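**Student:** This is the structure I want to talk about, given as structure tokens.
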Amino acid sequence: MARTMEKVDVVTVGVGWTGGIVAAECTKAGLKVVGLERGQERGTTDFLHIHDEYRYAIRYELMQNVAKETVTFQNTRKMKALPMRQMGSFLLGEGLGGAGTHWNGWTYRFLPYDFEIKTLTEKKYGKNKVPKDYLLQDWGLTYDDLEPYYDKFEKTAGISGENKNPYGGKRSSEYPTPPMVKTPILERFEKATQKMGMKPYMLPAATISTTYTNPDGSKINGCQYCGYCERFGCEYGAKASPEVTVVPTALKTGNYDLRFNANVVEILKQGNKVTGVKYIDTLSLEEIIQPADAVVLTSYVLNNAKLLMVSKIGEQYDPDTGRGTLGKNYCYQLNAGSTGFFDEQMNVFMGAGALGMTLDDWNGDNFDHSDVNFIHGSGIWITQSGNRPIAKNPVTPDVPSWGPEFKKASIYNFTRTLYVGGQGATMPYKENYMSLDDTYKDAYGLPLLRLTYNFTEQDRNLFKFSNDKTEEIMKEMGAKTVVPENVIEEYDIVPYQTTHNTGGTIMGVDRDKSVVNTYLQHWDADNLFVVGAGNFNHNSGYNPTGTVGALAYRCADGIIKYSKSGGSLV
Amino acid sequence: MSEKEKNISRRDFLKTSGIATGTLIGGGLIGGIIGYGMPKTTKVPDKKTEKTNHNLTSPKGRMFFTKDRDFNILSQATERIFPKDDIGPGAIELGVPYFIDNQLAGNYGSNAREYMQGPFFVGAPTQGYQSSQTRADAYTQGVSMLEKEAQSRYKKSFVDLDGEQMDAILTSFEKGEVKMNGLPSDFFFRMLRAATLQGAYADPIYSGNNNMDGWRMKNFPGNQMSYLNVIDSKEFQKIDPQSLANMEH
């Protein structure tokens, strides 16, 4: 028999960026919030010994324990979905701060084009540009609607950047902190791409350039360029993360109750309202019910969708009929890129996760797509994020992968290679979706989430286009040998690609075509909110966190409005 | 880096990070900095806060392989993957076999943080590892299969083969040509190759990368506190490596 706790105003499931932002805003507004986090408490003082590539980057110390819960995967419905037994393609977070603890800190805004992609694409290229199996749709709000929330997130996180991107949407203010140091490696990229007529700018960074106090009074320190960001926590408190910003903001109100080892297994629903959540204390295995006036799903994309599915809230997407919205429009990203081999040694072991330059000349609809067989594009980037010796053993394709030649070449090349990447958008496709697995279970007896996903024709065409761009740039940068990435064929869940999974709990203005409205309020229960990259109708050529942060601030606004007036917010 | 540069770096660091003004949450970092890569000029001994000296010199040892023969086979195989040459030591001198042995005795060997529930099916390559065997199982079988191949091809133990013969057997594993029980041989080889590089380049606290020589070969400085004062340098910075062991106090 489950133990029932005292009712609160708001309960959030997961305490990363979205759970932290919702908690900070709601507690400041006087609401009592409980944050349920299935992992453990952690913060800056846990990261003093973080410069350990093996423990954190190879063995994934800060990530989700997939012995307890993973996903199953199949490329197509005709296959048998099998569990992802070892983490690979994407790295799931767990613990206070979630993936916001071990991110690299690239903090972009999506383009105005992204939010009205269907309308703008059809207007410019006609209705037949995109085949009908691509389930393109507008997001229901515009860039301008979201701009105040982008601004708010950037100010909370102290983002370092420069307002020099001619393709970006209108900004209401400058970046809160100046850009990071433009190193010789970045200057080389800048010089080459400017010569080619492109418009490079400093990558907007959450590994911030100088000490900064945010509007809530939280302090983020200046980056030391130590080279340990992605897959690591920051021992200096110099990377904007939930545990150095929004979580302490919520805690100091006195209205925030943060509980760890609390794994939510069900959203409780009666009629057209949710009443709270049921969770398991992962240490005692006790079942506990937390009643709340509003429930907010703030865990990762995959788990937000899974919780709705196991709680039977919303209609599961069916690729045969096209009916249902839950699990629909699962998208990922494409990683084009080229390695350049140089003669001189460079300080590639120094840096920061978001120390880089980037350009949008080949992103969104910033170039004419009349004569190409895809839409959207890729953000092109270079970073100096701190190469580490286990992961980085670059050799040209003529060198074997082990033995004397490999040893010699990989050691020689370690300080003599650079990489230019292209982060490619993916469009929603009829056959790419999430559902529940019918065979495999998690540690608490719930079905695993099943991913059905493969790259599409659109993906392969865009990938090739972006790969060629990175190759041209690397040649212009003066590399003596340039090796582009292999062309993509089938999606493979084994090698790490990106933790930019999106979709499944999409947003919109039409309840038949979305899971939540534009305040991220569920269509079937107006006191249930679902926020995160799951709300994206497609995935852009950018990192998602800037947009996720903006949506979380908008969601928090919605929850506060709901707490006063109730009912649908749209 | 000279001592002078380190001091500048430290001042810059303290200034930028807010430690000088005492604003960092928790204060744990201050304890972490003292005694780590910089002169201890400001440290005032205090019996209550004096840390225990953990800098003991411990020998390497085996925690997993029981037979000398198996450990020696593993050692020779890693040395073929990462051999000693004129640049520096190979896998054996770096302690890689001990690294792998010790890892096999822990979470790595028992796949403790990986999904190992059945049912088990042979999947497509895009679905990844689907065997019920742990890494400990895979290494035990893999090492015995290296020996079996050596005996069947050359009527000798793997450790008595010449380098080319060892390479021929390892190449067969790499191509997936050796029949193993419930496990593709190329999977075992990829795991062995990856673990060899991990042992060569992980922090020496894991019993490999002896004397940080793996890092020295690559000009990788290991665990450095800050590159703030050299991040914009056009010159390549050769910096003496530091292990996490330097932070123990």
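Residue names in the structure tokens use chain letters A, B, ... in the order shown, residue numbers from 1 in each chain, and ligand numbers from 1 in the order shown.
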Could I get the residues of chain B with an atom no further than 7 Å from an atom of chain A, each paired with its nearest atom pair and that distance in Å to one decimal, using only C-alpha atoms, sorted by chain and residue number, as a Markdown table?
**Tutor:**
| residue | atom | partner | partner_atom | distance |
| --- | --- | --- | --- | --- |
| B:Thr16 | CA | A:Gly222 | CA | 5.5 |
| B:Ser17 | CA | A:Asn221 | CA | 4.9 |
| B:Gly18 | CA | A:Asn221 | CA | 6.8 |
| B:Gly26 | CA | A:Thr45 | CA | 6.6 |
| B:Gly28 | CA | A:Thr45 | CA | 5.3 |
| B:Leu29 | CA | A:Thr45 | CA | 6.4 |
| B:Gly32 | CA | A:Leu48 | CA | 6.5 |
| B:Arg80 | CA | A:Gly403 | CA | 5.8 |
| B:Ile81 | CA | A:Gly403 | CA | 4.5 |
| B:Phe82 | CA | A:Gly403 | CA | 5.6 |
| B:Pro83 | CA | A:Pro404 | CA | 6.0 |
| B:Ala112 | CA | A:Ala67 | CA | 6.8 |
| B:Arg113 | CA | A:Ala67 | CA | 4.9 |
| B:Glu114 | CA | A:Ala67 | CA | 4.2 |
| B:Tyr115 | CA | A:Ala67 | CA | 3.9 |
| B:Met116 | CA | A:Arg85 | CA | 6.6 |
| B:Thr126 | CA | A:Asp492 | CA | 4.2 |
| B:Gln127 | CA | A:Ile493 | CA | 5.9 |
| B:Gly128 | CA | A:Val494 | CA | 5.5 |
| B:Tyr129 | CA | A:Arg85 | CA | 6.6 |
| B:Leu197 | CA | A:Ile390 | CA | 6.1 |
| B:Gln198 | CA | A:Ile390 | CA | 5.5 |
| B:Tyr201 | CA | A:Ile390 | CA | 5.6 |
| B:Ala202 | CA | A:Tyr54 | CA | 5.5 |
| B:Asp203 | CA | A:Asp52 | CA | 6.6 |
| B:Met217 | CA | A:Ile411 | CA | 6.7 |
| B:Lys218 | CA | A:Ile411 | CA | 5.2 |
| B:Phe220 | CA | A:Phe349 | CA | 6.7 |
| B:Asn223 | CA | A:His51 | CA | 5.6 |
| B:Gln224 | CA | A:Cys226 | CA | 6.6 |
| B:Met225 | CA | A:Cys226 | CA | 6.2 |
| B:Ser226 | CA | A:Cys226 | CA | 4.9 |
| B:Tyr227 | CA | A:Tyr225 | CA | 5.4 |
| B:Leu228 | CA | A:Gln224 | CA | 5.1 |
| B:Ile231 | CA | A:Thr183 | CA | 6.7 |
| B:Asp232 | CA | A:Thr183 | CA | 4.8 |
| B:Lys234 | CA | A:Pro184 | CA | 6.1 |
| B:Phe236 | CA | A:Met346 | CA | 5.5 |
| B:Gln237 | CA | A:Asn347 | CA | 6.6 |
| B:Leu244 | CA | A:His49 | CA | 6.7 |
**Student:** If we count only C-alpha atoms and set the cut-off at 9 Å, which residues sit around Glu147 of chain B, ignoring sequence neighbours fewer than 5 positions away in its own chain? Please answer as a ChimeraX atom specification.
**Tutor:** /B:70,73,142,152,156-159
**Student:** Next, dump the selected residues to file, keeping only C-alpha atoms, as a tab-separated table (two decimals), in the first residue's frame.
**Tutor:**
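Resulting contents of selection.tsv:
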chain	number	residue	atom	x	y	z
B	70	ASP	CA	46.24	-16.37	-19.40
B	73	ILE	CA	48.58	-14.13	-23.33
B	142	GLY	CA	38.74	-14.77	-25.73
B	152	SER	CA	46.00	-25.35	-33.80
B	156	LYS	CA	52.86	-23.53	-29.84
B	157	SER	CA	51.56	-21.41	-27.01
B	158	PHE	CA	50.42	-17.90	-28.05
B	159	VAL	CA	53.16	-16.39	-25.88
**Student:** Extract the full set of alpha helix (DSSP H) residues from segment 315-546 of chain A according to DSSP on the backbone, and format it as a PyMOL selection string.
**Tutor:** chain A and resi 404-414+457-476+545-546
**Student:** Mind dumping the selected residues with N, CA and C atoms as a compact mmCIF listing (two decimals), in the first residue's frame?
**Tutor:**
# COMPACT_ATOMS: atom_id res chain seq x y z
N PRO A 404 52.03 -1.03 -34.75
CA PRO A 404 53.06 0.02 -34.73
C PRO A 404 52.71 1.27 -35.54
N GLU A 405 52.15 1.08 -36.73
CA GLU A 405 51.82 2.26 -37.56
C GLU A 405 50.73 3.09 -36.90
N PHE A 406 49.75 2.39 -36.32
CA PHE A 406 48.66 3.09 -35.65
C PHE A 406 49.19 3.88 -34.47
N LYS A 407 50.04 3.25 -33.66
CA LYS A 407 50.55 3.94 -32.48
C LYS A 407 51.27 5.22 -32.89
N LYS A 408 52.16 5.08 -33.86
CA LYS A 408 52.96 6.21 -34.29
C LYS A 408 52.07 7.35 -34.83
N ALA A 409 51.17 6.99 -35.72
CA ALA A 409 50.34 8.02 -36.37
C ALA A 409 49.36 8.67 -35.38
N SER A 410 48.75 7.86 -34.52
CA SER A 410 47.75 8.43 -33.61
C SER A 410 48.40 9.36 -32.60
N ILE A 411 49.63 9.03 -32.19
CA ILE A 411 50.35 9.92 -31.26
C ILE A 411 50.77 11.21 -31.98
N TYR A 412 51.30 11.05 -33.19
CA TYR A 412 51.73 12.22 -33.96
C TYR A 412 50.55 13.16 -34.23
N ASN A 413 49.43 12.57 -34.62
CA ASN A 413 48.28 13.38 -35.04
C ASN A 413 47.49 14.00 -33.89
N PHE A 414 47.70 13.49 -32.66
CA PHE A 414 46.87 13.93 -31.53
C PHE A 414 46.83 15.45 -31.41
N GLU A 457 15.63 9.66 -46.68
CA GLU A 457 16.22 10.17 -47.92
C GLU A 457 16.63 11.64 -47.74
N GLN A 458 15.75 12.40 -47.12
CA GLN A 458 16.04 13.81 -46.80
C GLN A 458 17.33 13.91 -46.00
N ASP A 459 17.49 13.03 -44.99
CA ASP A 459 18.68 13.05 -44.14
C ASP A 459 19.94 12.78 -44.95
N ARG A 460 19.87 11.76 -45.81
CA ARG A 460 21.07 11.38 -46.57
C ARG A 460 21.50 12.50 -47.51
N ASN A 461 20.52 13.18 -48.09
CA ASN A 461 20.84 14.27 -49.02
C ASN A 461 21.43 15.47 -48.28
N LEU A 462 20.80 15.81 -47.16
CA LEU A 462 21.31 16.94 -46.37
C LEU A 462 22.70 16.62 -45.80
N PHE A 463 22.87 15.38 -45.35
CA PHE A 463 24.16 14.99 -44.79
C PHE A 463 25.28 15.20 -45.81
N LYS A 464 25.03 14.73 -47.03
CA LYS A 464 26.08 14.82 -48.05
C LYS A 464 26.42 16.28 -48.35
N PHE A 465 25.39 17.10 -48.45
CA PHE A 465 25.58 18.52 -48.71
C PHE A 465 26.45 19.16 -47.60
N SER A 466 26.11 18.85 -46.35
CA SER A 466 26.83 19.45 -45.22
C SER A 466 28.26 18.91 -45.12
N ASN A 467 28.40 17.61 -45.36
CA ASN A 467 29.72 17.01 -45.33
C ASN A 467 30.66 17.70 -46.33
N ASP A 468 30.14 17.95 -47.52
CA ASP A 468 30.94 18.63 -48.55
C ASP A 468 31.35 20.03 -48.09
N LYS A 469 30.43 20.74 -47.43
CA LYS A 469 30.77 22.09 -46.94
C LYS A 469 31.92 22.03 -45.94
N THR A 470 31.85 21.07 -45.02
CA THR A 470 32.93 20.99 -44.01
C THR A 470 34.25 20.64 -44.67
N GLU A 471 34.19 19.82 -45.71
CA GLU A 471 35.43 19.44 -46.41
C GLU A 471 36.06 20.66 -47.11
N GLU A 472 35.20 21.46 -47.73
CA GLU A 472 35.71 22.66 -48.41
C GLU A 472 36.34 23.63 -47.40
N ILE A 473 35.69 23.78 -46.25
CA ILE A 473 36.22 24.70 -45.23
C ILE A 473 37.57 24.20 -44.70
N MET A 474 37.63 22.90 -44.43
CA MET A 474 38.88 22.36 -43.88
C MET A 474 40.03 22.50 -44.88
N LYS A 475 39.73 22.35 -46.16
CA LYS A 475 40.77 22.56 -47.18
C LYS A 475 41.25 24.01 -47.15
N GLU A 476 40.29 24.93 -47.07
CA GLU A 476 40.64 26.36 -47.04
C GLU A 476 41.44 26.70 -45.78
N THR A 545 19.33 23.00 -26.16
CA THR A 545 19.12 23.47 -24.79
C THR A 545 18.60 24.89 -24.69
N GLY A 546 19.07 25.79 -25.57
CA GLY A 546 18.57 27.17 -25.54
C GLY A 546 17.06 27.20 -25.72
**Student:** For the atom pair atom CA of Gly98 of chain A and atom CA of Asn255 of chain A, what is the interatomic distance in Å to one decimal place?
**Tutor:** 21.2 Å
